[in-house]
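Coordinates from final-v1.tsv are shown below (TSV, C-alpha atoms).
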chain	number	residue	atom	x	y	z
A	1	MET	CA	-12.32	150.77	178.99
A	2	THR	CA	-11.34	153.73	181.18
A	3	SER	CA	-13.20	152.39	184.19
A	4	ILE	CA	-11.64	148.97	183.69
A	5	ALA	CA	-8.13	150.54	183.59
A	6	GLU	CA	-8.73	152.66	186.68
A	7	THR	CA	-10.14	149.85	188.76
A	8	PRO	CA	-6.82	147.98	189.26
A	9	ALA	CA	-5.05	151.23	190.26
A	10	ALA	CA	-7.69	152.05	192.83
A	11	GLY	CA	-7.51	148.51	194.14
A	12	ASN	CA	-3.73	148.77	194.41
A	13	ARG	CA	-4.06	151.99	196.40
A	14	ARG	CA	-6.45	150.35	198.82
A	15	VAL	CA	-4.21	147.32	199.12
A	16	GLY	CA	-1.17	149.59	199.73
A	17	ARG	CA	-3.05	151.66	202.32
A	18	ASN	CA	-4.31	148.74	204.40
A	19	PRO	CA	-0.89	147.26	205.35
A	20	ALA	CA	0.30	150.68	206.55
A	21	ARG	CA	-2.81	151.08	208.65
A	22	ARG	CA	-2.46	147.59	210.04
A	23	SER	CA	1.20	148.26	210.92
A	24	ARG	CA	0.24	151.45	212.76
A	25	ARG	CA	-2.41	149.59	214.70
A	26	ARG	CA	0.06	146.84	215.54
A	27	TRP	CA	2.63	149.42	216.67
A	28	PHE	CA	0.08	151.16	218.90
A	29	ALA	CA	-1.10	147.85	220.39
A	30	GLN	CA	2.46	146.75	221.19
A	31	VAL	CA	4.38	149.95	221.91
A	32	GLY	CA	2.30	153.07	221.31
A	33	TRP	CA	0.00	152.71	224.32
A	34	ARG	CA	3.07	152.75	226.57
A	35	HIS	CA	3.99	156.19	225.27
A	36	VAL	CA	0.48	157.41	226.04
A	37	VAL	CA	0.65	156.04	229.58
A	38	GLY	CA	4.11	157.57	230.04
A	39	VAL	CA	2.95	161.00	228.90
A	40	LEU	CA	-0.07	160.85	231.23
A	41	ALA	CA	2.15	159.79	234.14
A	42	VAL	CA	4.60	162.66	233.50
A	43	ALA	CA	1.73	165.16	233.22
A	44	PHE	CA	0.22	163.84	236.46
A	45	SER	CA	3.60	164.17	238.22
A	46	LEU	CA	4.34	167.66	236.89
A	47	PHE	CA	0.94	169.11	237.82
A	48	PRO	CA	1.63	169.65	241.56
A	49	ILE	CA	5.16	170.90	240.82
A	50	LEU	CA	3.88	173.49	238.36
A	51	PHE	CA	1.20	174.53	240.83
A	52	VAL	CA	3.76	175.04	243.62
A	53	ILE	CA	6.08	177.01	241.31
A	54	SER	CA	3.15	179.18	240.23
A	55	ALA	CA	2.16	179.80	243.85
A	56	ALA	CA	5.75	180.65	244.83
A	57	PHE	CA	6.06	183.37	242.19
A	58	ASN	CA	2.48	184.60	242.53
A	59	PRO	CA	2.61	188.31	243.52
A	60	LEU	CA	-0.55	188.04	245.64
A	61	GLY	CA	0.75	185.07	247.62
A	62	THR	CA	-2.63	183.56	248.52
A	63	LEU	CA	-4.11	180.14	247.84
A	64	SER	CA	-7.31	181.50	246.30
A	65	SER	CA	-5.40	183.56	243.72
A	66	THR	CA	-2.99	180.79	242.66
A	67	GLU	CA	-3.37	179.37	239.15
A	68	LEU	CA	-1.55	176.66	237.24
A	69	LEU	CA	-0.04	179.23	234.87
A	70	PRO	CA	0.96	182.39	236.77
A	71	THR	CA	-0.27	185.71	235.45
A	72	GLY	CA	2.61	187.59	237.08
A	73	MET	CA	6.11	186.96	238.42
A	74	SER	CA	7.48	188.30	241.68
A	75	LEU	CA	10.07	187.37	244.33
A	76	GLU	CA	8.03	188.94	247.11
A	77	ASN	CA	7.14	185.58	248.66
A	78	PHE	CA	10.83	184.68	248.98
A	79	THR	CA	11.73	188.01	250.57
A	80	ASN	CA	8.79	187.80	253.00
A	81	LEU	CA	9.81	184.26	253.90
A	82	PHE	CA	13.26	185.37	255.05
A	83	ASP	CA	12.16	188.71	256.54
A	84	ASN	CA	9.04	187.65	258.44
A	85	THR	CA	10.02	184.14	259.56
A	86	ALA	CA	13.08	182.31	260.90
A	87	PHE	CA	13.41	180.28	257.70
A	88	GLY	CA	17.20	180.65	257.67
A	89	HIS	CA	17.49	179.03	261.10
A	90	TRP	CA	15.07	176.26	260.08
A	91	PHE	CA	17.09	175.57	256.95
A	92	LEU	CA	20.42	175.39	258.77
A	93	ASN	CA	18.96	173.27	261.57
A	94	SER	CA	17.54	170.76	259.09
A	95	LEU	CA	20.74	170.55	257.07
A	96	LEU	CA	22.86	170.06	260.19
A	97	LEU	CA	20.51	167.51	261.69
A	98	ALA	CA	19.93	165.54	258.48
A	99	GLY	CA	23.60	165.57	257.48
A	100	VAL	CA	25.01	164.49	260.84
A	101	ALA	CA	22.22	161.97	261.49
A	102	SER	CA	22.54	160.32	258.08
A	103	PHE	CA	26.36	160.13	258.30
A	104	ALA	CA	26.35	158.71	261.82
A	105	SER	CA	23.53	156.32	260.92
A	106	ILE	CA	25.28	154.76	257.92
A	107	PHE	CA	28.60	154.57	259.79
A	108	LEU	CA	27.20	152.81	262.86
A	109	SER	CA	24.86	150.67	260.78
A	110	SER	CA	27.72	149.52	258.56
A	111	LEU	CA	29.74	148.52	261.64
A	112	ALA	CA	26.81	146.56	263.04
A	113	ALA	CA	26.00	144.98	259.67
A	114	TYR	CA	29.62	143.86	259.20
A	115	ALA	CA	29.63	142.28	262.64
A	116	PHE	CA	26.32	140.47	262.08
A	117	SER	CA	27.36	139.29	258.64
A	118	ARG	CA	30.96	138.18	259.19
A	119	MET	CA	31.27	137.30	262.87
A	120	ARG	CA	29.72	134.57	264.97
A	121	PHE	CA	29.06	135.43	268.61
A	122	ALA	CA	26.59	134.68	271.39
A	123	GLY	CA	23.30	136.51	270.91
A	124	ARG	CA	23.78	137.15	267.21
A	125	ARG	CA	20.52	135.55	266.10
A	126	VAL	CA	18.58	137.05	269.00
A	127	GLY	CA	19.98	140.48	268.18
A	128	LEU	CA	18.93	140.23	264.54
A	129	LEU	CA	15.42	139.12	265.49
A	130	ALA	CA	15.19	141.91	268.07
A	131	LEU	CA	16.13	144.52	265.46
A	132	LEU	CA	13.50	143.12	263.10
A	133	LEU	CA	10.77	143.07	265.74
A	134	ILE	CA	11.53	146.60	266.93
A	135	GLN	CA	11.15	147.92	263.38
A	136	MET	CA	7.58	146.60	263.31
A	137	PHE	CA	6.48	149.34	265.72
A	138	PRO	CA	6.60	153.02	264.68
A	139	GLN	CA	8.82	155.23	266.76
A	140	PHE	CA	6.07	157.69	267.63
A	141	LEU	CA	4.28	154.96	269.63
A	142	ALA	CA	6.90	155.51	272.34
A	143	ILE	CA	6.66	159.28	272.16
A	144	VAL	CA	5.11	159.57	275.65
A	145	ALA	CA	7.92	157.58	277.25
A	146	ILE	CA	10.53	159.50	275.25
A	147	PHE	CA	8.95	162.79	276.30
A	148	LEU	CA	9.17	161.84	279.98
A	149	ILE	CA	12.80	160.76	279.57
A	150	PHE	CA	13.73	164.03	277.87
A	151	THR	CA	11.94	166.03	280.56
A	152	THR	CA	14.42	164.71	283.10
A	153	LEU	CA	17.30	164.85	280.61
A	154	THR	CA	16.65	168.54	279.90
A	155	ASP	CA	16.98	169.38	283.60
A	156	LEU	CA	20.25	167.47	283.92
A	157	TYR	CA	21.86	168.13	280.51
A	158	PRO	CA	20.15	171.07	278.76
A	159	SER	CA	22.50	170.86	275.76
A	160	ILE	CA	20.90	167.60	274.59
A	161	GLY	CA	17.37	168.21	275.84
A	162	PHE	CA	14.34	169.94	274.38
A	163	ASN	CA	14.78	172.58	271.64
A	164	THR	CA	18.27	171.34	270.75
A	165	PRO	CA	19.27	169.65	267.49
A	166	TRP	CA	21.49	167.18	269.36
A	167	GLY	CA	18.62	165.79	271.39
A	168	LEU	CA	16.57	165.26	268.25
A	169	PHE	CA	19.65	163.72	266.63
A	170	LEU	CA	19.73	161.02	269.33
A	171	LEU	CA	16.09	160.22	268.66
A	172	TYR	CA	16.61	159.90	264.92
A	173	MET	CA	19.61	157.67	265.46
A	174	GLY	CA	17.62	155.21	267.52
A	175	GLY	CA	14.94	154.90	264.87
A	176	ALA	CA	17.21	154.49	261.85
A	177	LEU	CA	19.88	152.05	263.02
A	178	GLY	CA	17.70	148.93	262.89
A	179	ALA	CA	16.41	149.27	259.34
A	180	ASN	CA	19.77	150.39	257.95
A	181	THR	CA	21.57	147.52	259.66
A	182	TRP	CA	19.26	144.98	258.04
A	183	LEU	CA	19.68	146.57	254.61
A	184	MET	CA	23.46	146.62	254.84
A	185	LYS	CA	23.71	143.12	256.29
A	186	GLY	CA	21.97	141.71	253.23
A	187	PHE	CA	24.50	143.45	251.01
A	188	PHE	CA	27.46	142.29	253.10
A	189	ASP	CA	26.18	138.71	252.81
A	190	THR	CA	26.54	138.87	249.01
A	191	LEU	CA	30.28	139.55	249.24
A	192	PRO	CA	32.43	136.39	249.11
A	193	LYS	CA	34.08	135.45	252.37
A	194	GLU	CA	37.27	134.59	250.47
A	195	LEU	CA	38.04	138.32	250.48
A	196	ASP	CA	38.17	138.34	254.27
A	197	GLU	CA	40.20	135.14	254.40
A	198	SER	CA	42.78	136.31	251.88
A	199	ALA	CA	43.17	139.63	253.68
A	200	THR	CA	43.55	137.83	257.00
A	201	MET	CA	46.26	135.62	255.51
A	202	ASP	CA	48.09	138.78	254.46
A	203	GLY	CA	48.02	140.01	258.05
A	204	ALA	CA	45.12	142.48	257.86
A	205	SER	CA	43.05	143.13	260.98
A	206	HIS	CA	39.26	143.39	261.12
A	207	VAL	CA	39.50	147.18	261.07
A	208	GLN	CA	41.69	147.15	257.95
A	209	ILE	CA	39.42	144.63	256.23
A	210	PHE	CA	36.37	146.73	257.00
A	211	PHE	CA	37.70	150.13	255.93
A	212	ARG	CA	39.97	149.15	253.04
A	213	ILE	CA	38.12	146.22	251.46
A	214	MET	CA	34.49	146.08	252.54
A	215	LEU	CA	33.45	149.72	252.55
A	216	PRO	CA	34.54	150.40	248.93
A	217	LEU	CA	32.62	147.32	247.80
A	218	VAL	CA	29.41	148.29	249.62
A	219	ALA	CA	29.48	151.93	248.50
A	220	PRO	CA	26.15	151.56	246.58
A	221	ILE	CA	24.19	150.42	249.64
A	222	LEU	CA	25.88	153.16	251.69
A	223	ALA	CA	24.61	155.70	249.17
A	224	VAL	CA	21.09	154.27	249.24
A	225	THR	CA	20.84	154.16	253.03
A	226	GLY	CA	22.43	157.59	253.32
A	227	LEU	CA	19.91	159.07	250.89
A	228	LEU	CA	16.98	157.42	252.69
A	229	ALA	CA	18.27	158.58	256.07
A	230	PHE	CA	18.77	162.15	254.79
A	231	ILE	CA	15.28	162.34	253.28
A	232	GLY	CA	13.69	160.78	256.36
A	233	SER	CA	15.44	163.19	258.73
A	234	ILE	CA	14.77	166.35	256.74
A	235	ASN	CA	11.08	165.47	256.26
A	236	GLU	CA	10.31	164.13	259.75
A	237	PHE	CA	7.57	166.13	261.47
A	238	ILE	CA	5.77	164.33	264.32
A	239	ILE	CA	8.67	163.91	266.76
A	240	ALA	CA	10.27	167.23	265.83
A	241	ASN	CA	6.97	169.04	266.41
A	242	VAL	CA	6.79	167.65	269.96
A	243	PHE	CA	10.41	168.30	270.99
A	244	LEU	CA	11.03	171.63	269.22
A	245	THR	CA	8.95	174.60	270.34
A	246	GLU	CA	11.22	177.64	270.11
A	247	PRO	CA	11.08	179.41	266.69
A	248	GLU	CA	14.85	179.35	266.08
A	249	ALA	CA	15.18	175.69	267.10
A	250	LYS	CA	12.56	174.35	264.68
A	251	THR	CA	13.33	172.32	261.58
A	252	LEU	CA	11.95	172.97	258.12
A	253	ALA	CA	9.03	170.56	258.52
A	254	VAL	CA	7.88	172.11	261.80
A	255	GLY	CA	8.46	175.69	260.74
A	256	MET	CA	6.78	175.28	257.36
A	257	TYR	CA	3.75	173.65	258.98
A	258	GLY	CA	3.38	176.70	261.22
A	259	LEU	CA	2.98	178.91	258.15
A	260	VAL	CA	-0.20	177.18	257.01
A	261	ALA	CA	-1.55	175.87	260.32
A	262	GLY	CA	-3.60	178.99	261.05
A	263	GLU	CA	-3.66	181.20	257.94
A	264	ARG	CA	-3.36	178.78	255.06
A	265	ASN	CA	-4.80	181.12	252.44
A	266	ASN	CA	-2.68	184.16	253.29
A	267	ASN	CA	0.68	182.42	253.76
A	268	PHE	CA	0.42	179.88	250.95
A	269	GLY	CA	2.77	181.85	248.71
A	270	MET	CA	5.52	181.84	251.34
A	271	PHE	CA	4.84	178.16	252.01
A	272	ALA	CA	5.26	177.33	248.30
A	273	ALA	CA	8.47	179.37	248.14
A	274	GLY	CA	9.80	177.50	251.18
A	275	THR	CA	9.00	174.11	249.66
A	276	LEU	CA	11.02	174.97	246.56
A	277	LEU	CA	14.02	175.96	248.68
A	278	THR	CA	13.58	172.87	250.85
A	279	ALA	CA	13.78	170.59	247.82
A	280	ILE	CA	17.22	171.90	246.82
A	281	PRO	CA	19.31	169.91	249.38
A	282	THR	CA	17.50	166.66	248.59
A	283	VAL	CA	17.99	167.11	244.85
A	284	LEU	CA	21.69	167.91	245.32
A	285	VAL	CA	22.26	164.86	247.52
A	286	PHE	CA	20.47	162.66	245.01
A	287	GLN	CA	22.58	164.02	242.15
A	288	LEU	CA	25.79	163.43	244.09
A	289	LEU	CA	24.85	159.84	244.94
A	290	GLN	CA	23.12	158.97	241.68
A	291	ARG	CA	26.03	157.12	240.08
A	292	TYR	CA	26.49	154.98	243.20
A	293	ILE	CA	22.78	154.15	243.27
A	294	VAL	CA	22.79	153.16	239.59
A	295	SER	CA	25.92	151.05	240.02
A	296	GLY	CA	24.32	149.36	243.01
A	297	LEU	CA	21.24	148.44	241.00
A	298	THR	CA	23.30	147.07	238.11
A	299	SER	CA	25.65	145.08	240.33
A	300	GLY	CA	22.68	143.66	242.20
A	301	ALA	CA	21.12	142.58	238.90
A	302	VAL	CA	24.34	140.82	237.85
A	303	LYS	CA	24.65	139.05	241.21
A	304	GLY	CA	21.06	137.90	241.05
Entire entry expressed as C-alpha cells:
Amino acid sequence: MTSIAETPAAGNRRVGRNPARRSRRRWFAQVGWRHVVGVLAVAFSLFPILFVISAAFNPLGTLSSTELLPTGMSLENFTNLFDNTAFGHWFLNSLLLAGVASFASIFLSSLAAYAFSRMRFAGRRVGLLALLLIQMFPQFLAIVAIFLIFTTLTDLYPSIGFNTPWGLFLLYMGGALGANTWLMKGFFDTLPKELDESATMDGASHVQIFFRIMLPLVAPILAVTGLLAFIGSINEFIIANVFLTEPEAKTLAVGMYGLVAGERNNNFGMFAAGTLLTAIPTVLVFQLLQRYIVSGLTSGAVKG
C-alpha cells in the first residue's frame, strides 16, 4: 500500500519538473542564446582595451612583460611619454587640426548640400556625379602629385607648406567635402520644400532660410558628419606621415607610430599610455554629440 501511495506523488514531481525544464529550454532557444552571444561579444571587445590599460600602467613598460591583469601599477609610462617625447605638441596639433577641419568641413558641405538639394542650376547633375566618382578613388593615390604641388607651395608660401598644420588642413578638406556633401544632401532632400516656400513668402532670403530654418532641422546629420570628420582627421596617418617630418609638427598618429617603429618592445608602455590619452578627445566629442546622433536615428526611422 505504501508503494502504491508514493507512486502518484513521485509521478506528480516528475510531471511538475518537466514543464519547468521545457520552459527553460524554450527560453534559452528563443532569448537565452542572445545573452550568451552578447556576453562573448563584450568580452571580445574588452580584451584589447584591458590589455592596453595593463600595458599603460605596467611599471616595466615593455611588450614582453605585459599581461592582461597587471601585477603592478605605475605612472612612469605617462611621465616618460611627456618627458622623452613631444607628445604635448602632437596632442595639440591633432586637436587643432581635427577640430578646425571637421568644423570647416561640415560648414562648407552643408552649404554645398543645400545648394544641390534646393536649387536648380546648370551643371548640377554633372557636379553631383563628379563628386560621386571622385570619392571612388582614395586620396593617397594622388599623393605623388600632391607632394610635387606642395614642394612648390612650400617655397612660395611656407606658412601653408610642409610641416604646417594649415597645409595638412587643406588636404583633409579636399578629401572630406565630397562624402559629407552627399550625406547631407540626402538629409536635406527629406525636408519638405513647403518650409522654404513659406519662409520665402514671409520675405526670408536664402541665407536666412539656411541658417534659421534648415540648419536646426539637420542638426543630427551635422553631428554625424562632424564626428566622422573628427575621427578621420585625428586618426589619419598616411598623408600626415608624408607631409610632416619635424618632431613638433607631427600629429598623434605619426608621432605614436614613431614610438613603436624601431623599438616596439621597449616603448610599448609609452605607446599604450599615449593611446589612452588619444582616446579621450574622441570619447568626449561622442558624448557631446550623442543626443543629436540618437535623435537623428529616431527621426530617420519615423520618416522611413
All residues 12 Å or closer to stretch 192-202 of chain A, all atoms listed in the file, same chain fewer than 4 positions away omitted, as a PyMOL selection string | chain A and resi 114+117-119+187-188+206-214+217+303
Test item: residues at most 9 Å from A:Ser109, all atoms listed in the file, excluding those fewer than 4 positions along its chain, as a ChimeraX atom specification | /A:104-105,113-114,176-182,184-185
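Between atom CA of A:Asn80 and atom CA of A:Asn58 there is a distance of 12.6 Å.
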So which residues touch stretch 160-170 of chain A within 8 Å, counting all atoms listed in the file, skipping near sequence neighbours fewer than 2 positions away, as a compact mmCIF listing (two decimals) with C-alpha atoms, in the frame of the given file?
# COMPACT_ATOMS: atom_id res chain seq x y z
CA ASN A 93 18.96 173.27 261.57
CA LEU A 97 20.51 167.51 261.69
CA VAL A 100 25.01 164.49 260.84
CA ALA A 101 22.22 161.97 261.49
CA PHE A 150 13.73 164.03 277.87
CA THR A 151 11.94 166.03 280.56
CA LEU A 153 17.30 164.85 280.61
CA THR A 154 16.65 168.54 279.90
CA ASP A 155 16.98 169.38 283.60
CA TYR A 157 21.86 168.13 280.51
CA PRO A 158 20.15 171.07 278.76
CA TYR A 172 16.61 159.90 264.92
CA MET A 173 19.61 157.67 265.46
CA GLY A 174 17.62 155.21 267.52
CA ALA A 240 10.27 167.23 265.83
CA PHE A 243 10.41 168.30 270.99
CA LEU A 244 11.03 171.63 269.22
CA THR A 245 8.95 174.60 270.34
CA GLU A 246 11.22 177.64 270.11
CA ALA A 249 15.18 175.69 267.10
CA LYS A 250 12.56 174.35 264.68
How far is it from atom CA of A:Leu75 to atom CA of A:Phe87, in Å with one decimal?
->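 Between atom CA of A:Leu75 and atom CA of A:Phe87 the gap is 15.5 Å.
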When you look at A:Phe91 with a cut-off of 9 Å (counting only C-alpha atoms), what residues show up, excluding the ones that are within fewer than 6 positions of it in the same chain? I need them as an mmCIF file with C-alpha atoms, in the coordinates of the input.
data_model
loop_
_atom_site.group_PDB
_atom_site.id
_atom_site.type_symbol
_atom_site.label_atom_id
_atom_site.label_comp_id
_atom_site.auth_asym_id
_atom_site.auth_seq_id
_atom_site.Cartn_x
_atom_site.Cartn_y
_atom_site.Cartn_z
ATOM 1 C CA THR A 251 13.330 172.320 261.580
ATOM 2 C CA LEU A 252 11.950 172.970 258.120
ATOM 3 C CA LEU A 277 14.020 175.960 248.680
ATOM 4 C CA THR A 278 13.580 172.870 250.850
#
So how far away is atom CA of A:Ala142 from atom CA of A:Ala86, in Å?
-> 29.8 Å
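Distances from A:Ala98, A:Met270, A:Leu81, A:Leu276 to A:Phe230 were compared using only C-alpha atoms, and the smallest one belongs to A:Ala98.
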Nearest to A:Ile234, chosen from A:Gly123, A:Pro19, A:Pro281, A:Gly203, with all atoms listed in the file counted in the distances =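 Among the listed residues, A:Pro281 lies closest to A:Ile234.
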Go through A:Ser94, A:Thr85, A:Asn18, A:Thr152 and flag the residue nearest A:Thr282, using all atoms listed in the file for the distances.
->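 Residue with the minimum atom-to-atom distance to A:Thr282: A:Ser94.
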Shortest contact to A:Ile149, candidates A:Leu171, A:Leu46, A:Ala253, A:Ile106, atoms counted only C-alpha atoms, goes to A:Leu171
What's around A:Gln287 at 12 Å? Count only C-alpha atoms, leave out sequence neighbours fewer than 6 positions away in its own chain, and write the answer as an mmCIF file with C-alpha atoms, in the coordinates of the input.
data_model
loop_
_atom_site.group_PDB
_atom_site.id
_atom_site.type_symbol
_atom_site.label_atom_id
_atom_site.label_comp_id
_atom_site.auth_asym_id
_atom_site.auth_seq_id
_atom_site.Cartn_x
_atom_site.Cartn_y
_atom_site.Cartn_z
ATOM 1 C CA ALA A 223 24.610 155.700 249.170
ATOM 2 C CA LEU A 227 19.910 159.070 250.890
ATOM 3 C CA ILE A 280 17.220 171.900 246.820
ATOM 4 C CA PRO A 281 19.310 169.910 249.380
ATOM 5 C CA ILE A 293 22.780 154.150 243.270
ATOM 6 C CA VAL A 294 22.790 153.160 239.590
#
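A search radius of 12 Å centred on (8.6, 185.9, 258.3), applied to all atoms listed in the file, returns the residues Glu76, Asn77, Phe78, Thr79, Asn80, Leu81, Phe82, Asp83, Asn84, Thr85, Ala86, Phe87, Gly88, His89, Trp90, Pro247, Glu248, Gly255, Met256, Gly258, Leu259, Asn267, Gly269, Met270, Phe271 and Gly274 of chain A.
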